[in-house]
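Pasted below: upload.csv, CSV, C-alpha atoms.
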```csv
chain,number,residue,atom,x,y,z
A,1298,MET,CA,88.6,122.6,6.1
A,1299,CYS,CA,90.1,124.5,9.0
A,1300,PRO,CA,88.4,127.4,10.7
A,1301,ASP,CA,90.2,130.7,11.2
A,1302,ILE,CA,93.7,129.4,12.2
A,1303,ILE,CA,94.9,132.7,13.7
A,1304,ARG,CA,91.8,133.1,15.8
A,1305,GLU,CA,92.1,129.5,17.2
A,1306,ILE,CA,95.8,129.9,17.9
A,1307,ASP,CA,95.1,133.2,19.6
A,1308,ALA,CA,92.5,131.6,21.8
A,1309,PHE,CA,94.8,128.8,22.9
A,1310,MET,CA,97.6,131.4,23.7
A,1311,GLN,CA,95.1,133.4,25.8
A,1312,ASP,CA,94.3,130.4,27.8
A,1313,LEU,CA,98.0,129.6,28.1
A,1314,LEU,CA,98.7,133.1,29.5
A,1315,HIS,CA,95.7,133.4,31.7
A,1316,CYS,CA,96.7,134.0,35.3
A,1317,GLU,CA,94.9,135.4,38.4
A,1318,LYS,CA,97.7,135.2,40.9
A,1319,ASP,CA,100.1,137.8,42.3
A,1320,HIS,CA,102.4,137.3,39.4
A,1321,ALA,CA,99.7,137.9,36.8
A,1322,PRO,CA,101.4,141.1,35.6
A,1323,LEU,CA,104.2,138.9,34.1
A,1324,TYR,CA,101.7,137.2,31.9
A,1325,ARG,CA,100.0,140.5,31.0
A,1326,MET,CA,103.3,141.8,29.8
A,1327,MET,CA,103.4,138.7,27.5
A,1328,GLY,CA,99.9,139.5,26.5
A,1329,TYR,CA,100.9,143.0,25.5
A,1330,HIS,CA,103.8,141.8,23.4
A,1331,ILE,CA,101.7,139.2,21.5
A,1332,GLY,CA,99.0,141.8,20.8
A,1333,HIS,CA,96.2,140.7,23.1
A,1334,LEU,CA,96.4,143.6,25.6
A,1335,ASP,CA,97.0,147.4,25.5
A,1336,GLU,CA,99.6,149.2,27.6
A,1337,ASP,CA,97.0,149.3,30.5
A,1338,TRP,CA,96.5,145.5,30.1
A,1339,LYS,CA,93.0,145.9,28.8
A,1340,PRO,CA,91.9,143.5,26.0
A,1341,LEU,CA,92.3,144.8,22.5
A,1342,PRO,CA,89.7,144.5,19.7
A,1343,GLU,CA,90.5,141.9,17.1
A,1344,SER,CA,91.5,144.5,14.5
A,1345,GLN,CA,94.2,146.0,16.8
A,1346,SER,CA,95.2,142.6,18.0
A,1347,ALA,CA,96.0,141.6,14.5
A,1348,LEU,CA,98.1,144.7,14.0
A,1349,TYR,CA,100.1,144.5,17.2
A,1350,GLY,CA,100.3,140.7,17.4
A,1351,GLY,CA,102.1,140.2,14.1
A,1352,LYS,CA,101.4,137.9,11.2
A,1353,LYS,CA,101.8,134.7,13.1
A,1354,LEU,CA,103.4,133.3,10.0
A,1355,ARG,CA,105.2,130.5,11.7
A,1356,ALA,CA,102.2,129.4,13.7
A,1357,GLN,CA,100.1,129.3,10.5
A,1358,LEU,CA,102.9,127.4,8.8
A,1359,THR,CA,102.7,124.8,11.5
A,1360,SER,CA,98.9,124.3,11.2
A,1361,LEU,CA,98.9,124.4,7.4
A,1362,SER,CA,101.7,121.9,7.2
A,1363,CYS,CA,99.8,119.5,9.4
A,1364,MET,CA,96.7,119.9,7.2
A,1365,ALA,CA,98.7,119.5,3.9
A,1366,ALA,CA,100.4,116.4,5.3
A,1367,GLY,CA,97.0,114.8,5.8
A,1368,GLY,CA,96.3,115.7,9.4
A,1369,SER,CA,93.6,117.7,11.2
A,1370,CYS,CA,94.7,121.3,11.8
A,1371,GLU,CA,92.7,121.3,15.1
A,1372,VAL,CA,95.2,119.0,16.7
A,1373,SER,CA,98.0,121.4,15.7
A,1374,TYR,CA,97.0,124.5,17.6
A,1375,PRO,CA,99.0,123.8,20.8
A,1376,VAL,CA,102.1,123.1,18.7
A,1377,ALA,CA,101.5,126.2,16.5
A,1378,ALA,CA,101.2,128.2,19.7
A,1379,ALA,CA,104.5,126.8,21.0
A,1380,ILE,CA,106.2,127.9,17.7
A,1381,GLU,CA,104.6,131.3,18.1
A,1382,MET,CA,105.9,131.5,21.7
A,1383,ILE,CA,109.5,130.7,20.4
A,1384,GLN,CA,109.3,133.4,17.8
A,1385,ASN,CA,108.0,136.0,20.3
A,1386,PHE,CA,110.4,135.3,23.2
A,1387,SER,CA,113.2,135.7,20.7
A,1388,LEU,CA,111.8,139.1,19.6
A,1389,VAL,CA,111.5,140.4,23.2
A,1390,HIS,CA,115.2,139.5,23.6
A,1391,ASP,CA,116.2,140.8,20.2
A,1392,ASP,CA,114.6,144.2,21.0
A,1393,ILE,CA,116.8,144.5,24.1
A,1394,GLU,CA,119.9,143.4,22.2
A,1395,ASP,CA,119.3,145.8,19.3
A,1396,GLY,CA,118.0,148.7,21.4
A,1397,ASP,CA,114.8,148.8,19.3
A,1398,ARG,CA,112.3,151.0,21.0
A,1399,GLU,CA,109.4,150.1,18.7
A,1400,ARG,CA,107.9,146.7,17.6
A,1401,ARG,CA,104.8,146.4,15.5
A,1402,HIS,CA,104.0,150.1,15.7
A,1403,ARG,CA,104.1,150.5,19.5
A,1404,PRO,CA,106.7,150.6,22.3
A,1405,THR,CA,108.7,147.4,23.0
A,1406,VAL,CA,108.4,145.5,26.3
A,1407,TRP,CA,111.7,146.8,27.6
A,1408,VAL,CA,110.7,150.4,26.9
A,1409,MET,CA,107.4,149.9,28.7
A,1410,TRP,CA,108.6,148.1,31.8
A,1411,GLY,CA,112.4,148.1,31.8
A,1412,VAL,CA,115.1,145.6,30.7
A,1413,PRO,CA,114.9,143.3,33.7
A,1414,HIS,CA,111.2,142.6,33.3
A,1415,ALA,CA,111.6,142.2,29.5
A,1416,ILE,CA,114.3,139.6,30.0
A,1417,ASN,CA,112.1,137.7,32.4
A,1418,VAL,CA,109.1,138.0,30.0
A,1419,GLY,CA,111.1,136.5,27.2
A,1420,SER,CA,112.5,133.7,29.4
A,1421,SER,CA,109.1,132.9,30.7
A,1422,MET,CA,107.6,132.7,27.3
A,1423,GLN,CA,110.4,130.3,26.3
A,1424,ALA,CA,109.5,128.1,29.3
A,1425,LEU,CA,105.9,128.0,28.2
A,1426,VAL,CA,106.9,126.3,24.9
A,1427,ASN,CA,107.0,122.9,26.5
A,1428,ARG,CA,103.8,123.5,28.4
A,1429,ALA,CA,102.0,124.2,25.1
A,1430,VAL,CA,103.4,121.2,23.3
A,1431,LEU,CA,102.5,118.9,26.2
A,1432,LYS,CA,98.8,119.9,25.8
A,1433,THR,CA,98.8,118.4,22.3
A,1434,ASN,CA,96.7,115.3,21.8
A,1435,ALA,CA,99.3,113.1,20.1
A,1436,PRO,CA,101.4,109.9,20.8
A,1437,ALA,CA,104.4,110.3,23.0
A,1438,ASP,CA,106.9,109.5,20.3
A,1439,THR,CA,105.4,112.2,18.1
A,1440,LEU,CA,105.6,114.8,20.9
A,1441,LEU,CA,109.2,113.8,21.5
A,1442,ASP,CA,110.2,114.3,17.9
A,1443,ILE,CA,108.4,117.7,18.0
A,1444,LEU,CA,110.1,118.8,21.2
A,1445,ARG,CA,113.5,117.7,19.9
A,1446,SER,CA,112.9,119.7,16.7
A,1447,MET,CA,111.9,122.8,18.6
A,1448,THR,CA,114.9,122.5,21.0
A,1449,ASP,CA,117.3,122.2,18.1
A,1450,ALA,CA,115.7,125.2,16.5
A,1451,MET,CA,116.1,127.3,19.6
A,1452,VAL,CA,119.8,126.4,19.9
A,1453,GLU,CA,120.3,127.3,16.2
A,1454,MET,CA,118.4,130.6,16.6
A,1455,THR,CA,120.6,131.7,19.4
A,1456,GLU,CA,123.7,130.7,17.4
A,1457,GLY,CA,122.4,132.7,14.5
A,1458,GLN,CA,121.6,135.7,16.7
A,1459,PHE,CA,125.2,135.5,18.2
A,1460,LEU,CA,126.6,135.5,14.7
A,1461,ASP,CA,124.4,138.4,13.6
A,1462,ILE,CA,125.5,140.5,16.6
A,1463,SER,CA,129.2,139.5,16.1
A,1464,PHE,CA,129.1,140.5,12.4
A,1465,GLN,CA,128.4,144.1,13.5
A,1466,LYS,CA,132.0,144.3,14.8
A,1467,VAL,CA,133.8,143.1,11.6
A,1468,GLU,CA,134.4,145.0,8.4
A,1469,ALA,CA,133.1,142.5,6.0
A,1470,VAL,CA,131.2,139.2,6.0
A,1471,SER,CA,131.1,136.7,3.1
A,1472,VAL,CA,127.9,135.8,1.5
A,1473,SER,CA,128.3,132.2,2.6
A,1474,ALA,CA,128.8,133.3,6.2
A,1475,TYR,CA,125.7,135.4,6.0
A,1476,GLU,CA,123.7,132.5,4.6
A,1477,ASP,CA,124.9,130.3,7.5
A,1478,MET,CA,123.8,132.9,10.0
A,1479,ALA,CA,120.4,133.5,8.3
A,1480,SER,CA,119.8,129.7,8.0
A,1481,ARG,CA,120.2,129.4,11.8
A,1482,LYS,CA,118.5,132.7,12.9
A,1483,THR,CA,115.4,132.4,10.7
A,1484,GLY,CA,115.5,129.1,8.8
A,1485,ALA,CA,115.7,126.8,11.8
A,1486,LEU,CA,112.4,127.9,13.3
A,1487,MET,CA,110.6,127.8,10.0
A,1488,GLU,CA,112.0,124.3,9.5
A,1489,SER,CA,110.7,123.3,12.9
A,1490,ALA,CA,107.3,124.8,12.2
A,1491,ALA,CA,106.9,122.9,9.0
A,1492,PHE,CA,108.3,119.6,10.4
A,1493,SER,CA,106.3,119.8,13.6
A,1494,GLY,CA,103.0,120.4,11.8
A,1495,ALA,CA,103.7,117.6,9.3
A,1496,ARG,CA,104.9,115.2,12.1
A,1497,LEU,CA,101.5,115.4,13.7
A,1498,ALA,CA,100.2,113.8,10.5
A,1499,THR,CA,102.9,111.4,9.3
A,1500,ASP,CA,106.1,109.5,10.4
A,1501,ASP,CA,107.3,109.0,6.9
A,1502,LYS,CA,111.0,110.0,7.1
A,1503,GLN,CA,111.4,110.8,3.4
A,1504,LYS,CA,108.4,113.1,3.4
A,1505,LEU,CA,109.4,114.7,6.7
A,1506,ASP,CA,112.9,115.4,5.3
A,1507,ALA,CA,111.2,117.3,2.4
A,1508,TRP,CA,109.1,119.2,5.0
A,1509,ARG,CA,112.3,120.2,6.8
A,1510,ARG,CA,113.9,121.4,3.5
A,1511,PHE,CA,110.8,123.3,2.6
A,1512,GLY,CA,110.7,125.2,6.0
A,1513,ARG,CA,114.5,125.9,6.0
A,1514,ALA,CA,114.5,127.4,2.4
A,1515,PHE,CA,111.3,129.4,3.1
A,1516,GLY,CA,113.0,130.9,6.2
A,1517,GLN,CA,116.0,131.9,4.2
A,1518,ALA,CA,113.8,133.5,1.5
A,1519,PHE,CA,111.8,135.3,4.2
A,1520,GLN,CA,115.0,136.6,5.9
A,1521,ALA,CA,116.5,137.9,2.6
A,1522,GLN,CA,113.2,139.7,1.9
A,1523,ASP,CA,113.2,141.1,5.5
A,1524,ASP,CA,116.8,142.4,4.9
A,1525,LEU,CA,115.7,144.1,1.7
A,1526,LEU,CA,112.8,145.8,3.6
A,1527,GLY,CA,115.3,146.9,6.3
A,1528,VAL,CA,116.9,149.0,3.6
A,1529,VAL,CA,114.2,150.1,1.2
A,1530,GLY,CA,111.0,149.3,3.1
A,1531,ASN,CA,108.3,151.9,3.9
A,1532,PRO,CA,108.5,152.7,7.6
A,1533,LYS,CA,104.7,153.2,7.7
A,1534,LEU,CA,104.3,149.6,6.7
A,1535,THR,CA,107.3,148.0,8.3
A,1536,GLY,CA,106.9,149.8,11.7
A,1537,LYS,CA,110.7,150.5,11.7
A,1538,PRO,CA,112.6,153.6,10.7
A,1539,VAL,CA,113.9,153.8,7.2
A,1540,GLY,CA,117.5,152.4,7.0
A,1541,ASN,CA,117.2,150.9,10.4
A,1542,ASP,CA,119.6,148.1,9.6
A,1543,ILE,CA,122.2,150.5,8.3
A,1544,ARG,CA,122.0,152.7,11.4
A,1545,ALA,CA,122.4,149.5,13.5
A,1546,ARG,CA,125.4,148.5,11.3
A,1547,LYS,CA,123.8,145.1,10.8
A,1548,LYS,CA,125.5,143.0,8.1
A,1549,ALA,CA,122.2,142.4,6.4
A,1550,LEU,CA,122.3,140.8,2.9
A,1551,PRO,CA,122.2,144.0,0.9
A,1552,LEU,CA,125.2,145.4,2.8
A,1553,VAL,CA,127.1,142.1,2.6
A,1554,TYR,CA,126.6,142.2,-1.2
A,1555,ALA,CA,127.5,145.9,-1.4
A,1556,LEU,CA,130.8,145.4,0.3
A,1557,SER,CA,131.6,142.5,-1.9
A,1558,LEU,CA,130.4,143.9,-5.3
A,1559,SER,CA,131.4,147.6,-5.0
A,1560,THR,CA,134.5,149.4,-6.1
A,1561,PRO,CA,137.2,150.1,-3.5
A,1562,GLU,CA,136.1,153.8,-3.5
A,1563,ASN,CA,132.5,152.9,-2.8
A,1564,VAL,CA,133.5,150.3,-0.1
A,1565,ASP,CA,135.5,153.1,1.6
A,1566,SER,CA,132.5,155.4,1.5
A,1567,ILE,CA,130.4,152.7,3.2
A,1568,ARG,CA,133.0,152.1,5.9
A,1569,ARG,CA,133.2,155.9,6.6
A,1570,VAL,CA,129.5,155.9,7.2
A,1571,LEU,CA,129.6,152.8,9.4
A,1572,GLU,CA,132.4,154.4,11.5
A,1573,GLN,CA,130.2,157.3,12.4
A,1574,THR,CA,129.0,157.4,16.1
A,1575,ASP,CA,125.5,158.2,15.0
A,1576,ILE,CA,124.5,157.5,11.3
A,1577,ASP,CA,122.4,160.3,10.0
A,1578,ASP,CA,120.0,160.4,7.1
A,1579,ALA,CA,122.7,161.4,4.7
A,1580,GLY,CA,124.8,158.4,5.8
A,1581,VAL,CA,121.9,156.1,5.2
A,1582,GLU,CA,121.4,157.5,1.7
A,1583,THR,CA,125.1,157.2,0.9
A,1584,VAL,CA,125.1,153.5,1.7
A,1585,THR,CA,121.7,152.9,0.0
A,1586,GLY,CA,123.0,154.6,-3.1
A,1587,VAL,CA,126.0,152.3,-3.2
A,1588,MET,CA,123.7,149.3,-2.8
A,1589,ARG,CA,121.7,150.4,-5.8
A,1590,ARG,CA,124.7,151.2,-8.1
A,1591,SER,CA,126.7,148.0,-7.2
A,1592,GLY,CA,123.8,145.6,-7.9
A,1593,ALA,CA,123.6,144.6,-4.2
A,1594,LEU,CA,119.8,145.1,-4.1
A,1595,ASP,CA,119.4,143.1,-7.3
A,1596,ALA,CA,121.5,140.3,-5.9
A,1597,THR,CA,119.4,140.2,-2.8
A,1598,ILE,CA,116.2,140.0,-4.9
A,1599,ALA,CA,117.8,137.1,-6.8
A,1600,ASP,CA,118.5,135.3,-3.6
A,1601,VAL,CA,114.9,135.7,-2.5
A,1602,GLU,CA,113.8,134.1,-5.8
A,1603,ARG,CA,116.4,131.3,-5.5
A,1604,PHE,CA,115.4,130.3,-2.0
A,1605,THR,CA,111.7,130.6,-2.9
A,1606,ASN,CA,112.1,128.2,-5.8
A,1607,THR,CA,114.0,125.7,-3.5
A,1608,ALA,CA,111.2,125.9,-0.9
A,1609,LEU,CA,108.4,125.3,-3.5
A,1610,ARG,CA,110.3,122.3,-5.0
A,1611,ALA,CA,110.6,120.8,-1.5
A,1612,LEU,CA,106.9,121.4,-0.9
A,1613,GLU,CA,106.1,119.4,-3.9
A,1614,GLU,CA,108.4,116.6,-2.8
A,1615,SER,CA,106.8,116.4,0.6
A,1616,GLY,CA,103.6,115.1,-0.9
A,1617,ALA,CA,101.6,118.0,0.4
A,1618,SER,CA,98.1,118.1,-1.0
A,1619,GLY,CA,94.7,119.7,-0.8
A,1620,ASP,CA,93.7,123.1,0.5
A,1621,GLY,CA,96.6,123.1,2.9
A,1622,SER,CA,99.2,122.7,0.2
A,1623,ASP,CA,97.6,125.5,-1.9
A,1624,LYS,CA,97.6,127.8,1.2
A,1625,LEU,CA,101.2,127.1,1.9
A,1626,ARG,CA,102.2,127.9,-1.6
A,1627,GLU,CA,100.2,131.2,-1.4
A,1628,MET,CA,101.9,131.9,2.0
A,1629,VAL,CA,105.4,131.5,0.5
A,1630,LEU,CA,104.7,133.7,-2.5
A,1631,ARG,CA,102.9,136.4,-0.5
A,1632,SER,CA,105.7,136.5,2.1
A,1633,VAL,CA,108.5,137.0,-0.3
A,1634,SER,CA,106.7,139.8,-2.1
A,1635,ARG,CA,105.5,141.5,1.1
A,1636,GLU,CA,106.1,145.2,2.0
A,1637,ARG,CA,106.1,144.7,5.8
```
Conversion result in structure tokens:
Amino acid sequence: MCPDIIREIDAFMQDLLHCEKDHAPLYRMMGYHIGHLDEDWKPLPESQSALYGGKKLRAQLTSLSCMAAGGSCEVSYPVAAAIEMIQNFSLVHDDIEDGDRERRHRPTVWVMWGVPHAINVGSSMQALVNRAVLKTNAPADTLLDILRSMTDAMVEMTEGQFLDISFQKVEAVSVSAYEDMASRKTGALMESAAFSGARLATDDKQKLDAWRRFGRAFGQAFQAQDDLLGVVGNPKLTGKPVGNDIRARKKALPLVYALSLSTPENVDSIRRVLEQTDIDDAGVETVTGVMRRSGALDATIADVERFTNTALRALEESGASGDGSDKLREMVLRSVSRER
């Protein structure tokens, strides 16, 4: 049985970011972003660290996959930390690209210290991914497979982010194009997390293929739920303003469905809102109303369920067992019904 996974991963990450040299502020900015430090770079109590550091879902996915595949979760912590560093460097860069001023209920890194430092913080965190993996006590061929998986995931993530940004400039996006984007932007890293954890425990190619499919489908379910919360989520829970995705003109799944399912009149009303220089509360409500009437929100919910079922079937096919398997199933079901 594993101890507190999040606490162990946090401890490894703190060691990874520890620095007493002249460039220590760089690592302290990273510590701020991942929830270890406050704005004055003082350590946060565990309760606040949990709030500001995020759910560490992908890191937990890594350790639990290792455990469910028959391995020891203790050996997984460096790999789980590497996955968490990938997720967090991408968020630092995403906040700059999207102009988001708040992340996890407090100012983003670029707001605190400027865009140049924030870019460097994200890039440095990406560089630390390899350092974390190389601290893993595993055979060289295992580490090579894991590094290859993570590298592929980072390539796909940036491709997905490119597509997501590009979609903001086009009038309509097909559901299949959206799914390809979400599979890359979110599904790729979830796939790598599940695969990397399981790879520490097995080299069975058939089982590892199932672990890949599990992670990819879980990521797509998670992204669809995230898109839903971007429209109808409670800002007190999500940490983002209501209708944030609409204001940013993001072609999130509910908007993609609204543009494809609505009458021409309702499509025109959405486009008039999206053409506004600054989308106000009334514009957000107009678009949200069309989403409800057209069935776009229901279609998004149906996609969450479809990808969830695909993920759970793949988890069964992976041969996952024991407490790790039970916790993974709970994680999936909790994540796709979350409110933040």
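Between Pro1551 in chain A and the candidates A:Asn1417, A:Gln1573, A:Thr1405, A:Gln1520, the tightest atom-to-atom separation, counting all atoms listed in the file, involves A:Gln1520.
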| When you draw a straight line from CA of Leu1558 in chain A to CA of Val1470 in chain A, how long is it in Å? | 12.3 Å
Selection as a PDB file with C-alpha atoms, in the coordinates of the input: residues within 9 Å of (118.1, 150.3, 8.0), counting only C-alpha atoms:
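File produced: point_31.pdb:
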```pdb
ATOM      1  CA  ASP A1524     116.800 142.400   4.900  1.00  0.00           C
ATOM      2  CA  LEU A1526     112.800 145.800   3.600  1.00  0.00           C
ATOM      3  CA  GLY A1527     115.300 146.900   6.300  1.00  0.00           C
ATOM      4  CA  VAL A1528     116.900 149.000   3.600  1.00  0.00           C
ATOM      5  CA  VAL A1529     114.200 150.100   1.200  1.00  0.00           C
ATOM      6  CA  GLY A1530     111.000 149.300   3.100  1.00  0.00           C
ATOM      7  CA  LYS A1537     110.700 150.500  11.700  1.00  0.00           C
ATOM      8  CA  PRO A1538     112.600 153.600  10.700  1.00  0.00           C
ATOM      9  CA  VAL A1539     113.900 153.800   7.200  1.00  0.00           C
ATOM     10  CA  GLY A1540     117.500 152.400   7.000  1.00  0.00           C
ATOM     11  CA  ASN A1541     117.200 150.900  10.400  1.00  0.00           C
ATOM     12  CA  ASP A1542     119.600 148.100   9.600  1.00  0.00           C
ATOM     13  CA  ILE A1543     122.200 150.500   8.300  1.00  0.00           C
ATOM     14  CA  ARG A1544     122.000 152.700  11.400  1.00  0.00           C
ATOM     15  CA  ALA A1545     122.400 149.500  13.500  1.00  0.00           C
ATOM     16  CA  ARG A1546     125.400 148.500  11.300  1.00  0.00           C
ATOM     17  CA  LYS A1547     123.800 145.100  10.800  1.00  0.00           C
ATOM     18  CA  VAL A1581     121.900 156.100   5.200  1.00  0.00           C
TER      19      VAL A1581
END
```
Dump as a short mmCIF file (atom, residue, chain, number, x, y, z; two decimals) with C-alpha atoms, in the frame of the given file all residues having an atom at most 10 Å from (101.2, 125.8, 14.5), computed in the file's coordinates with all atoms listed in the file.
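Now in out.cif:
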```cif
data_model
loop_
_atom_site.label_atom_id
_atom_site.label_comp_id
_atom_site.auth_asym_id
_atom_site.auth_seq_id
_atom_site.Cartn_x
_atom_site.Cartn_y
_atom_site.Cartn_z
CA ILE A 1302 93.70 129.40 12.20
CA ILE A 1303 94.90 132.70 13.70
CA ILE A 1306 95.80 129.90 17.90
CA LYS A 1353 101.80 134.70 13.10
CA LEU A 1354 103.40 133.30 10.00
CA ARG A 1355 105.20 130.50 11.70
CA ALA A 1356 102.20 129.40 13.70
CA GLN A 1357 100.10 129.30 10.50
CA LEU A 1358 102.90 127.40 8.80
CA THR A 1359 102.70 124.80 11.50
CA SER A 1360 98.90 124.30 11.20
CA LEU A 1361 98.90 124.40 7.40
CA SER A 1362 101.70 121.90 7.20
CA CYS A 1363 99.80 119.50 9.40
CA CYS A 1370 94.70 121.30 11.80
CA GLU A 1371 92.70 121.30 15.10
CA VAL A 1372 95.20 119.00 16.70
CA SER A 1373 98.00 121.40 15.70
CA TYR A 1374 97.00 124.50 17.60
CA PRO A 1375 99.00 123.80 20.80
CA VAL A 1376 102.10 123.10 18.70
CA ALA A 1377 101.50 126.20 16.50
CA ALA A 1378 101.20 128.20 19.70
CA ALA A 1379 104.50 126.80 21.00
CA ILE A 1380 106.20 127.90 17.70
CA GLU A 1381 104.60 131.30 18.10
CA SER A 1489 110.70 123.30 12.90
CA ALA A 1490 107.30 124.80 12.20
CA ALA A 1491 106.90 122.90 9.00
CA SER A 1493 106.30 119.80 13.60
CA GLY A 1494 103.00 120.40 11.80
#
```
| query | Excluding same-chain residues fewer than 4 positions from Ile1383 in chain A, what lies within 8 Å of it counting all atoms listed in the file, as a ChimeraX atom specification? | reply | /A:1379,1387,1422-1423,1426,1451
